[in-house]
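Okay, protein_27.tsv is below, TSV, C-alpha atoms:
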```tsv
chain	number	residue	atom	x	y	z
F	1	MET	CA	53.75	-22.91	61.79
F	2	ASN	CA	56.76	-22.57	64.09
F	3	GLN	CA	57.03	-23.63	67.74
F	4	LEU	CA	56.14	-20.16	69.10
F	5	GLU	CA	52.98	-19.90	67.01
F	6	GLN	CA	51.90	-23.40	68.09
F	7	ALA	CA	52.40	-22.49	71.76
F	8	ARG	CA	50.41	-19.29	71.32
F	9	GLN	CA	47.54	-21.17	69.66
F	10	THR	CA	47.45	-23.56	72.61
F	11	ILE	CA	47.39	-20.64	75.07
F	12	ASP	CA	44.57	-18.95	73.11
F	13	ARG	CA	42.50	-22.14	73.24
F	14	ILE	CA	43.08	-22.50	77.00
F	15	ASP	CA	42.24	-18.81	77.55
F	16	GLN	CA	38.94	-19.33	75.71
F	17	GLU	CA	38.08	-22.24	78.00
F	18	MET	CA	39.11	-20.23	81.07
F	19	ALA	CA	36.87	-17.35	80.02
F	20	HIS	CA	33.86	-19.68	80.02
F	21	LEU	CA	34.92	-21.13	83.39
F	22	PHE	CA	35.39	-17.65	84.81
F	23	GLU	CA	31.82	-16.75	83.88
F	24	GLN	CA	30.56	-19.95	85.47
F	25	ARG	CA	32.49	-19.18	88.65
F	26	MET	CA	31.06	-15.67	88.84
F	27	ASP	CA	27.56	-17.06	88.22
F	28	ALA	CA	28.09	-19.30	91.24
F	29	VAL	CA	29.20	-16.26	93.24
F	30	GLN	CA	25.70	-14.85	92.67
F	31	ALA	CA	24.31	-17.53	94.98
F	32	VAL	CA	26.94	-16.63	97.58
F	33	ILE	CA	25.91	-12.98	97.31
F	34	ALA	CA	22.24	-13.85	97.81
F	35	TYR	CA	23.07	-15.87	100.93
F	36	LYS	CA	25.29	-13.16	102.42
F	37	LYS	CA	22.64	-10.53	101.71
F	38	GLN	CA	20.00	-12.62	103.47
F	39	THR	CA	22.12	-13.49	106.51
F	40	GLY	CA	24.20	-10.30	106.83
F	41	MET	CA	27.37	-12.36	106.57
F	42	PRO	CA	30.49	-10.26	105.82
F	43	ILE	CA	32.01	-10.44	102.36
F	44	GLN	CA	35.47	-11.51	103.48
F	45	ASP	CA	36.00	-14.81	105.27
F	46	SER	CA	39.75	-15.23	105.73
F	47	GLY	CA	39.39	-18.76	107.09
F	48	ARG	CA	37.43	-19.87	104.04
F	49	GLU	CA	39.90	-18.17	101.68
F	50	SER	CA	42.89	-19.89	103.29
F	51	ALA	CA	41.13	-23.25	102.92
F	52	VAL	CA	40.38	-22.55	99.24
F	53	ILE	CA	44.02	-21.73	98.52
F	54	GLU	CA	45.29	-24.80	100.34
F	55	LYS	CA	42.80	-27.11	98.62
F	56	ASN	CA	43.63	-25.78	95.17
F	57	LEU	CA	47.37	-26.03	95.73
F	58	GLY	CA	46.83	-29.73	96.39
F	59	ARG	CA	45.62	-30.06	92.79
F	60	ILE	CA	48.86	-28.77	91.29
F	61	GLN	CA	51.16	-31.58	90.17
F	62	ASN	CA	54.17	-29.47	89.17
F	63	PRO	CA	55.60	-27.90	92.37
F	64	ALA	CA	57.33	-25.20	90.34
F	65	TYR	CA	53.90	-23.79	89.46
F	66	ALA	CA	52.54	-23.84	93.03
F	67	PRO	CA	53.50	-20.31	94.23
F	68	PHE	CA	52.22	-18.79	90.99
F	69	TYR	CA	48.97	-20.71	91.20
F	70	ALA	CA	48.53	-19.56	94.80
F	71	ASP	CA	48.76	-15.95	93.56
F	72	TYR	CA	46.29	-16.76	90.79
F	73	ILE	CA	43.77	-18.13	93.31
F	74	ARG	CA	44.26	-15.11	95.59
F	75	TYR	CA	43.58	-12.81	92.66
F	76	ASN	CA	40.41	-14.70	91.75
F	77	LEU	CA	39.22	-14.45	95.34
F	78	SER	CA	39.96	-10.72	95.33
F	79	LEU	CA	37.91	-10.26	92.15
F	80	SER	CA	35.07	-12.20	93.75
F	81	ARG	CA	35.12	-9.94	96.82
F	82	GLN	CA	35.14	-6.83	94.67
F	83	TYR	CA	32.19	-8.07	92.62
F	84	GLN	CA	30.27	-8.99	95.78
F	85	ALA	CA	30.93	-5.49	97.16
F	86	GLN	CA	29.58	-3.94	93.97
F	87	VAL	CA	26.39	-6.02	93.94
F	88	LEU	CA	25.80	-5.54	97.67
F	89	GLY	CA	26.33	-1.78	97.45
F	90	GLN	CA	29.50	-1.91	99.53
F	91	ASN	CA	31.80	-0.38	96.95
F	92	ARG	CA	31.33	3.33	97.74
F	93	ILE	CA	34.60	4.46	99.31
F	94	ALA	CA	35.20	7.99	100.62
F	95	TYR	CA	38.53	9.79	100.61
F	96	PRO	CA	39.73	13.32	101.44
F	97	GLY	CA	41.09	15.49	98.65
F	98	MET	CA	40.90	15.52	94.88
F	99	ALA	CA	41.43	12.94	92.16
F	100	GLY	CA	45.08	11.99	91.95
F	101	CYS	CA	45.95	12.72	95.58
F	102	TYR	CA	47.73	9.97	97.47
F	103	ALA	CA	44.58	8.97	99.37
F	104	HIS	CA	42.85	8.50	96.00
F	105	ILE	CA	45.74	6.40	94.68
F	106	ALA	CA	45.73	4.23	97.82
F	107	LEU	CA	41.96	3.80	97.41
F	108	GLN	CA	42.36	2.65	93.80
F	109	ARG	CA	44.98	0.09	94.81
F	110	LEU	CA	42.95	-1.28	97.71
F	111	PHE	CA	39.52	-1.07	96.02
F	112	PRO	CA	40.19	-1.07	92.25
F	113	HIS	CA	36.54	-1.53	91.23
F	114	SER	CA	35.01	0.85	93.76
F	115	GLU	CA	33.14	4.11	93.37
F	116	ALA	CA	35.47	6.77	94.79
F	117	LEU	CA	33.74	9.59	96.69
F	118	PRO	CA	35.87	12.72	97.25
F	119	TYR	CA	35.36	14.91	100.33
F	120	SER	CA	37.08	18.12	101.30
F	121	SER	CA	38.24	17.10	104.79
F	122	TRP	CA	39.03	14.12	106.98
F	123	SER	CA	36.07	14.88	109.25
F	124	GLU	CA	33.69	14.79	106.29
F	125	VAL	CA	34.97	11.33	105.37
F	126	PHE	CA	34.33	10.11	108.93
F	127	ASP	CA	30.83	11.66	108.86
F	128	ALA	CA	30.03	10.07	105.48
F	129	VAL	CA	31.04	6.60	106.65
F	130	GLU	CA	29.20	6.94	109.97
F	131	ALA	CA	26.04	8.12	108.18
F	132	GLY	CA	26.19	5.29	105.65
F	133	ALA	CA	26.77	7.54	102.64
F	134	ALA	CA	29.98	5.54	102.07
F	135	TRP	CA	30.69	1.94	102.96
F	136	ALA	CA	34.25	2.74	104.00
F	137	GLY	CA	36.72	5.61	104.01
F	138	ILE	CA	40.46	5.91	103.55
F	139	ILE	CA	42.40	8.43	105.63
F	140	PRO	CA	46.11	9.40	105.83
F	141	PHE	CA	47.77	8.13	109.00
F	142	GLU	CA	51.38	9.26	109.01
F	143	GLU	CA	53.36	7.92	111.93
F	144	HIS	CA	56.20	10.35	111.25
F	145	HIS	CA	53.86	13.37	111.37
F	146	ALA	CA	52.65	13.65	114.97
F	147	ASP	CA	50.08	16.38	114.21
F	148	GLU	CA	48.39	14.22	111.57
F	149	VAL	CA	48.25	11.19	113.85
F	150	SER	CA	46.74	13.26	116.64
F	151	SER	CA	44.05	14.74	114.37
F	152	VAL	CA	43.08	11.37	112.91
F	153	LEU	CA	42.97	9.70	116.32
F	154	ASP	CA	40.77	12.51	117.64
F	155	LEU	CA	38.32	11.70	114.85
F	156	CYS	CA	38.55	7.98	115.64
F	157	TYR	CA	37.81	8.78	119.29
F	158	GLN	CA	34.81	10.95	118.37
F	159	HIS	CA	33.21	8.49	115.89
F	160	ASN	CA	31.95	4.97	116.47
F	161	LEU	CA	33.89	3.41	113.59
F	162	TYR	CA	36.49	0.67	113.17
F	163	VAL	CA	39.87	0.56	111.49
F	164	THR	CA	39.71	-2.48	109.19
F	165	ALA	CA	42.99	-2.09	107.29
F	166	MET	CA	46.30	-0.27	107.28
F	167	TYR	CA	48.14	0.27	104.01
F	168	ASP	CA	51.59	1.66	103.29
F	169	LEU	CA	51.68	3.40	99.90
F	170	PRO	CA	55.20	3.67	98.43
F	171	ILE	CA	55.90	7.22	97.27
F	172	VAL	CA	58.08	7.80	94.20
F	173	HIS	CA	58.43	11.46	93.25
F	174	SER	CA	58.69	12.28	89.56
F	175	LEU	CA	59.13	15.54	87.70
F	176	VAL	CA	56.17	15.74	85.32
F	177	ALA	CA	55.15	18.25	82.66
F	178	LEU	CA	53.16	18.70	79.46
F	179	PRO	CA	53.77	16.02	76.81
F	180	ASP	CA	55.29	18.47	74.32
F	181	THR	CA	58.08	19.75	76.55
F	182	ASN	CA	61.46	18.50	77.80
F	183	LEU	CA	63.59	18.88	80.92
F	184	TRP	CA	65.64	21.78	79.60
F	185	LYS	CA	62.56	23.93	79.03
F	186	ILE	CA	61.43	23.73	82.67
F	187	ARG	CA	61.77	26.92	84.74
F	188	GLN	CA	59.24	26.60	87.58
F	189	VAL	CA	58.19	23.59	89.66
F	190	TYR	CA	55.10	23.15	91.87
F	191	SER	CA	54.21	20.59	94.53
F	192	HIS	CA	53.39	19.93	98.17
F	193	PRO	CA	56.06	21.38	100.53
F	194	LEU	CA	57.06	17.90	101.73
F	195	ALA	CA	57.62	16.64	98.16
F	196	ILE	CA	59.67	19.75	97.42
F	197	ARG	CA	61.81	19.22	100.51
F	198	GLN	CA	62.37	15.55	99.67
F	199	SER	CA	63.47	16.52	96.14
F	200	GLU	CA	65.71	19.46	97.10
F	201	ASN	CA	68.96	17.94	95.85
F	202	PHE	CA	67.56	17.36	92.36
F	203	LEU	CA	65.99	20.81	92.20
F	204	ASN	CA	69.20	22.51	93.32
F	205	THR	CA	71.28	20.54	90.83
F	206	MET	CA	68.97	21.57	88.00
F	207	GLY	CA	68.72	25.17	89.25
F	208	LEU	CA	64.92	24.99	89.45
F	209	SER	CA	62.83	27.13	91.78
F	210	ALA	CA	59.94	25.39	93.50
F	211	HIS	CA	56.61	26.79	94.68
F	212	PRO	CA	54.45	25.10	97.36
F	213	MET	CA	50.85	24.07	96.73
F	214	PRO	CA	48.33	22.32	99.01
F	215	SER	CA	48.90	18.94	97.32
F	216	SER	CA	50.92	17.32	94.57
F	217	ALA	CA	47.66	16.47	92.77
F	218	GLN	CA	46.65	20.12	92.75
F	219	ALA	CA	50.11	20.97	91.39
F	220	ALA	CA	49.68	18.46	88.57
F	221	GLN	CA	46.24	19.84	87.74
F	222	PHE	CA	47.65	23.40	87.74
F	223	VAL	CA	50.45	22.49	85.32
F	224	ALA	CA	48.02	20.63	83.03
F	225	LYS	CA	45.62	23.58	82.89
F	226	SER	CA	48.38	26.13	82.39
F	227	LYS	CA	49.40	24.77	78.96
F	228	ASP	CA	52.80	26.29	79.76
F	229	PRO	CA	55.73	24.02	78.71
F	230	SER	CA	58.06	25.76	81.18
F	231	LEU	CA	56.09	24.53	84.22
F	232	ALA	CA	56.43	21.19	85.96
F	233	ALA	CA	55.06	19.41	89.01
F	234	ILE	CA	56.45	16.89	91.45
F	235	THR	CA	54.03	14.01	91.82
F	236	CYS	CA	53.70	10.28	91.13
F	237	SER	CA	53.19	8.51	87.81
F	238	GLU	CA	49.49	7.72	88.43
F	239	THR	CA	48.67	11.37	89.06
F	240	ALA	CA	50.67	12.45	86.03
F	241	ALA	CA	48.72	10.05	83.81
F	242	LEU	CA	45.40	11.20	85.27
F	243	TYR	CA	46.08	14.80	84.22
F	244	GLY	CA	47.66	13.98	80.88
F	245	LEU	CA	51.22	14.82	81.91
F	246	THR	CA	54.41	12.97	81.05
F	247	GLU	CA	57.25	11.93	83.35
F	248	LEU	CA	60.45	13.81	82.57
F	249	VAL	CA	62.50	12.28	85.41
F	250	LYS	CA	61.37	9.43	87.67
F	251	GLY	CA	62.53	9.05	91.27
F	252	ILE	CA	63.90	12.53	91.95
F	253	HIS	CA	63.60	12.26	95.75
F	254	THR	CA	66.77	12.09	97.78
F	255	GLY	CA	68.19	8.94	99.34
F	256	GLN	CA	65.70	6.92	101.34
F	257	GLU	CA	62.47	5.34	100.18
F	258	TYR	CA	59.29	7.11	101.28
F	259	SER	CA	55.83	5.79	102.01
F	260	SER	CA	52.54	7.10	103.36
F	261	ARG	CA	50.40	5.05	105.72
F	262	PHE	CA	46.62	5.03	105.34
F	263	ILE	CA	43.86	3.52	107.43
F	264	VAL	CA	40.53	2.18	106.18
F	265	ILE	CA	37.56	3.02	108.41
F	266	SER	CA	34.19	1.27	108.40
F	267	ARG	CA	31.06	0.76	110.47
F	268	SER	CA	31.52	-3.01	110.19
F	269	ARG	CA	33.37	-4.64	113.06
F	270	PRO	CA	36.44	-6.45	111.67
F	271	THR	CA	36.86	-10.15	112.41
F	272	GLN	CA	40.27	-11.04	110.94
F	273	GLY	CA	43.81	-9.71	111.39
F	274	ASN	CA	47.16	-10.08	113.11
F	275	HIS	CA	47.26	-6.62	114.71
F	276	PHE	CA	44.67	-4.72	116.74
F	277	SER	CA	44.34	-1.28	118.30
F	278	LEU	CA	42.53	0.02	121.37
F	279	LEU	CA	41.20	3.36	122.57
F	280	PHE	CA	40.76	3.75	126.32
F	281	THR	CA	40.60	6.17	129.23
F	282	VAL	CA	41.49	5.62	132.87
F	283	ASP	CA	40.48	7.44	136.04
F	284	ASN	CA	42.84	10.26	136.96
F	285	GLN	CA	44.49	8.33	139.78
F	286	PRO	CA	48.14	7.42	140.40
F	287	GLY	CA	49.13	4.08	138.91
F	288	LYS	CA	46.00	3.54	136.76
F	289	LEU	CA	47.83	3.69	133.43
F	290	ALA	CA	50.60	1.52	134.88
F	291	GLN	CA	47.98	-1.10	135.74
F	292	VAL	CA	46.88	-1.20	132.11
F	293	ILE	CA	50.44	-1.63	130.87
F	294	GLN	CA	51.15	-4.30	133.51
F	295	GLU	CA	48.05	-6.24	132.49
F	296	ILE	CA	49.10	-6.12	128.84
F	297	GLY	CA	52.56	-7.39	129.79
F	298	ARG	CA	51.16	-10.09	132.08
F	299	GLY	CA	49.08	-11.43	129.20
F	300	GLY	CA	52.14	-11.63	126.96
F	301	TYR	CA	50.86	-9.15	124.38
F	302	ASN	CA	53.40	-7.28	122.28
F	303	MET	CA	52.45	-3.60	122.48
F	304	GLU	CA	54.06	-1.79	119.56
F	305	THR	CA	52.70	1.72	120.28
F	306	ILE	CA	51.01	3.62	123.09
F	307	GLN	CA	50.15	7.30	122.84
F	308	SER	CA	48.28	9.81	124.99
F	309	HIS	CA	46.10	12.56	123.53
F	310	VAL	CA	44.19	15.38	125.16
F	311	ARG	CA	40.43	14.96	125.06
F	312	ALA	CA	38.82	17.82	123.17
F	313	GLY	CA	37.53	20.53	125.50
F	314	GLN	CA	38.77	18.73	128.63
F	315	THR	CA	41.98	20.27	129.91
F	316	GLY	CA	44.10	17.69	131.71
F	317	ALA	CA	41.94	14.78	130.54
F	318	TYR	CA	43.48	12.23	128.20
F	319	TYR	CA	42.58	9.24	126.12
F	320	PHE	CA	45.09	6.57	125.11
F	321	TYR	CA	45.75	4.76	121.84
F	322	ALA	CA	47.59	1.43	121.77
F	323	GLU	CA	48.63	-0.85	118.92
F	324	LEU	CA	49.31	-4.53	119.66
F	325	THR	CA	50.06	-7.70	117.76
F	326	GLY	CA	47.41	-10.40	118.04
F	327	THR	CA	44.31	-12.01	116.58
F	328	ALA	CA	40.64	-11.23	117.07
F	329	GLN	CA	40.57	-13.74	119.94
F	330	ASP	CA	43.57	-12.05	121.56
F	331	ALA	CA	41.79	-8.71	121.31
F	332	GLN	CA	38.63	-10.04	122.95
F	333	THR	CA	40.61	-11.66	125.77
F	334	LEU	CA	42.53	-8.48	126.48
F	335	LEU	CA	39.38	-6.37	126.41
F	336	LYS	CA	37.92	-8.56	129.16
F	337	GLN	CA	41.10	-8.27	131.20
F	338	LEU	CA	41.29	-4.48	130.87
F	339	LYS	CA	37.61	-3.68	131.38
F	340	PRO	CA	37.79	-3.57	135.23
F	341	ILE	CA	40.79	-1.21	135.06
F	342	CYS	CA	39.72	1.26	132.37
F	343	HIS	CA	37.07	3.95	132.65
F	344	THR	CA	36.19	3.57	128.96
F	345	LEU	CA	37.55	0.96	126.56
F	346	ARG	CA	36.85	-0.10	123.00
F	347	LEU	CA	38.38	-2.00	120.12
F	348	LEU	CA	39.34	0.51	117.46
F	349	GLY	CA	40.87	-1.72	114.81
F	350	LEU	CA	41.74	-5.23	113.69
F	351	TYR	CA	43.83	-5.53	110.54
F	352	GLN	CA	46.56	-7.44	108.73
F	353	LEU	CA	50.13	-6.12	108.63
```
Rewrite the structure from the file as structure tokens, please.
Amino acid sequence: MNQLEQARQTIDRIDQEMAHLFEQRMDAVQAVIAYKKQTGMPIQDSGRESAVIEKNLGRIQNPAYAPFYADYIRYNLSLSRQYQAQVLGQNRIAYPGMAGCYAHIALQRLFPHSEALPYSSWSEVFDAVEAGAAWAGIIPFEEHHADEVSSVLDLCYQHNLYVTAMYDLPIVHSLVALPDTNLWKIRQVYSHPLAIRQSENFLNTMGLSAHPMPSSAQAAQFVAKSKDPSLAAITCSETAALYGLTELVKGIHTGQEYSSRFIVISRSRPTQGNHFSLLFTVDNQPGKLAQVIQEIGRGGYNMETIQSHVRAGQTGAYYFYAELTGTAQDAQTLLKQLKPICHTLRLLGLYQL
């Protein structure tokens, strides 16, 4: 037996022991689940998790292993949360669109062991979460598309829900097609108009004509069902795999890196984060909005965004959305300071960025 085989045997033995320890750890989690179910305690406790990581790092004698062990502990804690969510019935997550769309991919990355519930529109996702049909929902929130931001914020304003997370999904466009074809057979390409525009240079170089579809996932599904080796779609690798397509060329978008921002909405009030967002209205009087901004500045809060949006059905009436850096305590302090100034005021979100 050579040195490599001996090392592998040692690893196999350790893995066997770790499998038994993993089961014991998850058995212990059952007691945690029972307690949280009885008391209504939230699944995630960031303070407790930080303490667990710090305590376990103190047990590592080789400092070279420490950052890797920290990641290992974080992963174990994530698995524990996901299992708790499943047992407590908090793993039903709504999203708008069809399987393979970017909202669905973001959902799978954020909630890998969840039950994904597709809905046909953003408003239906909000309704499902508010009614309790889903524990949470994931919605596109594109800062570089003003119309989308406005529509999503209108829904946030109209529903009594919280934003508990923001997630930036990296977008890598690939040309995908049936497994039995190759690049030189492709004649027609399908995708969302934005993906087509971001891949124009590649398409022009290859002399390919592109046809818009409502989503890149729908384009992938269309190509898969067509059984036509001359058709291709522009989408990401996860969507290609979902519909049994193969990547012909990866990363065909031009120049810059792209990403899509998503928010997670829930009925549960968030308790941990380093950013928070507010929705508020002020009386239609000169200087009222300025008072709000002055109070934010006086408190030393870093306001990263403030936007005004017309209230539905109320010409000339506006609500305001603001994003700030700060903790849950910062948010509560600012809410108290702004309450005498604002006509309506509520915490919309608290999340980690």
### Query
Any idea what's packed within 6 Å of range 120-135 of chain F, counting only C-alpha atoms, ignoring anything in its chain fewer than 3 positions away? Could you give it as JSON, numbers by chain?
{"F": [90, 92, 93, 94, 96, 97]}
Report the centre and edge lengths, in Å to one decimal, of an axis-aligned box enclosing every atom of range 166-173 of chain F listed in the file, padded by 4 Å on each side, as lines of an AutoDock Vina configuration file.
```
center_x = 52.4
center_y = 5.6
center_z = 100.3
size_x = 20.1
size_y = 19.7
size_z = 22.0
```
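Using all atoms listed in the file for every distance, the candidate list F:Asn91, F:Gln352, F:Gln285, F:Ser277 yields F:Ser277 as the residue closest to Leu335 in chain F.
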### Task
Kindly indicate which residue among F:Arg269, F:His173, F:Arg59, F:His343 lies nearest to Asp283 in chain F, using all atoms listed in the file for the distances.
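The shortest atom-to-atom distance to Asp283 in chain F comes from F:His343.
Reported to one decimal place, the separation of CA of Arg74 in chain F from CA of Gly58 in chain F is 14.9 Å.
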### CA of Ile14 in chain F to CA of Ala31 in chain F, straight-line distance in Å
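Separation of CA of Ala31 in chain F and CA of Ile14 in chain F: 26.5 Å.
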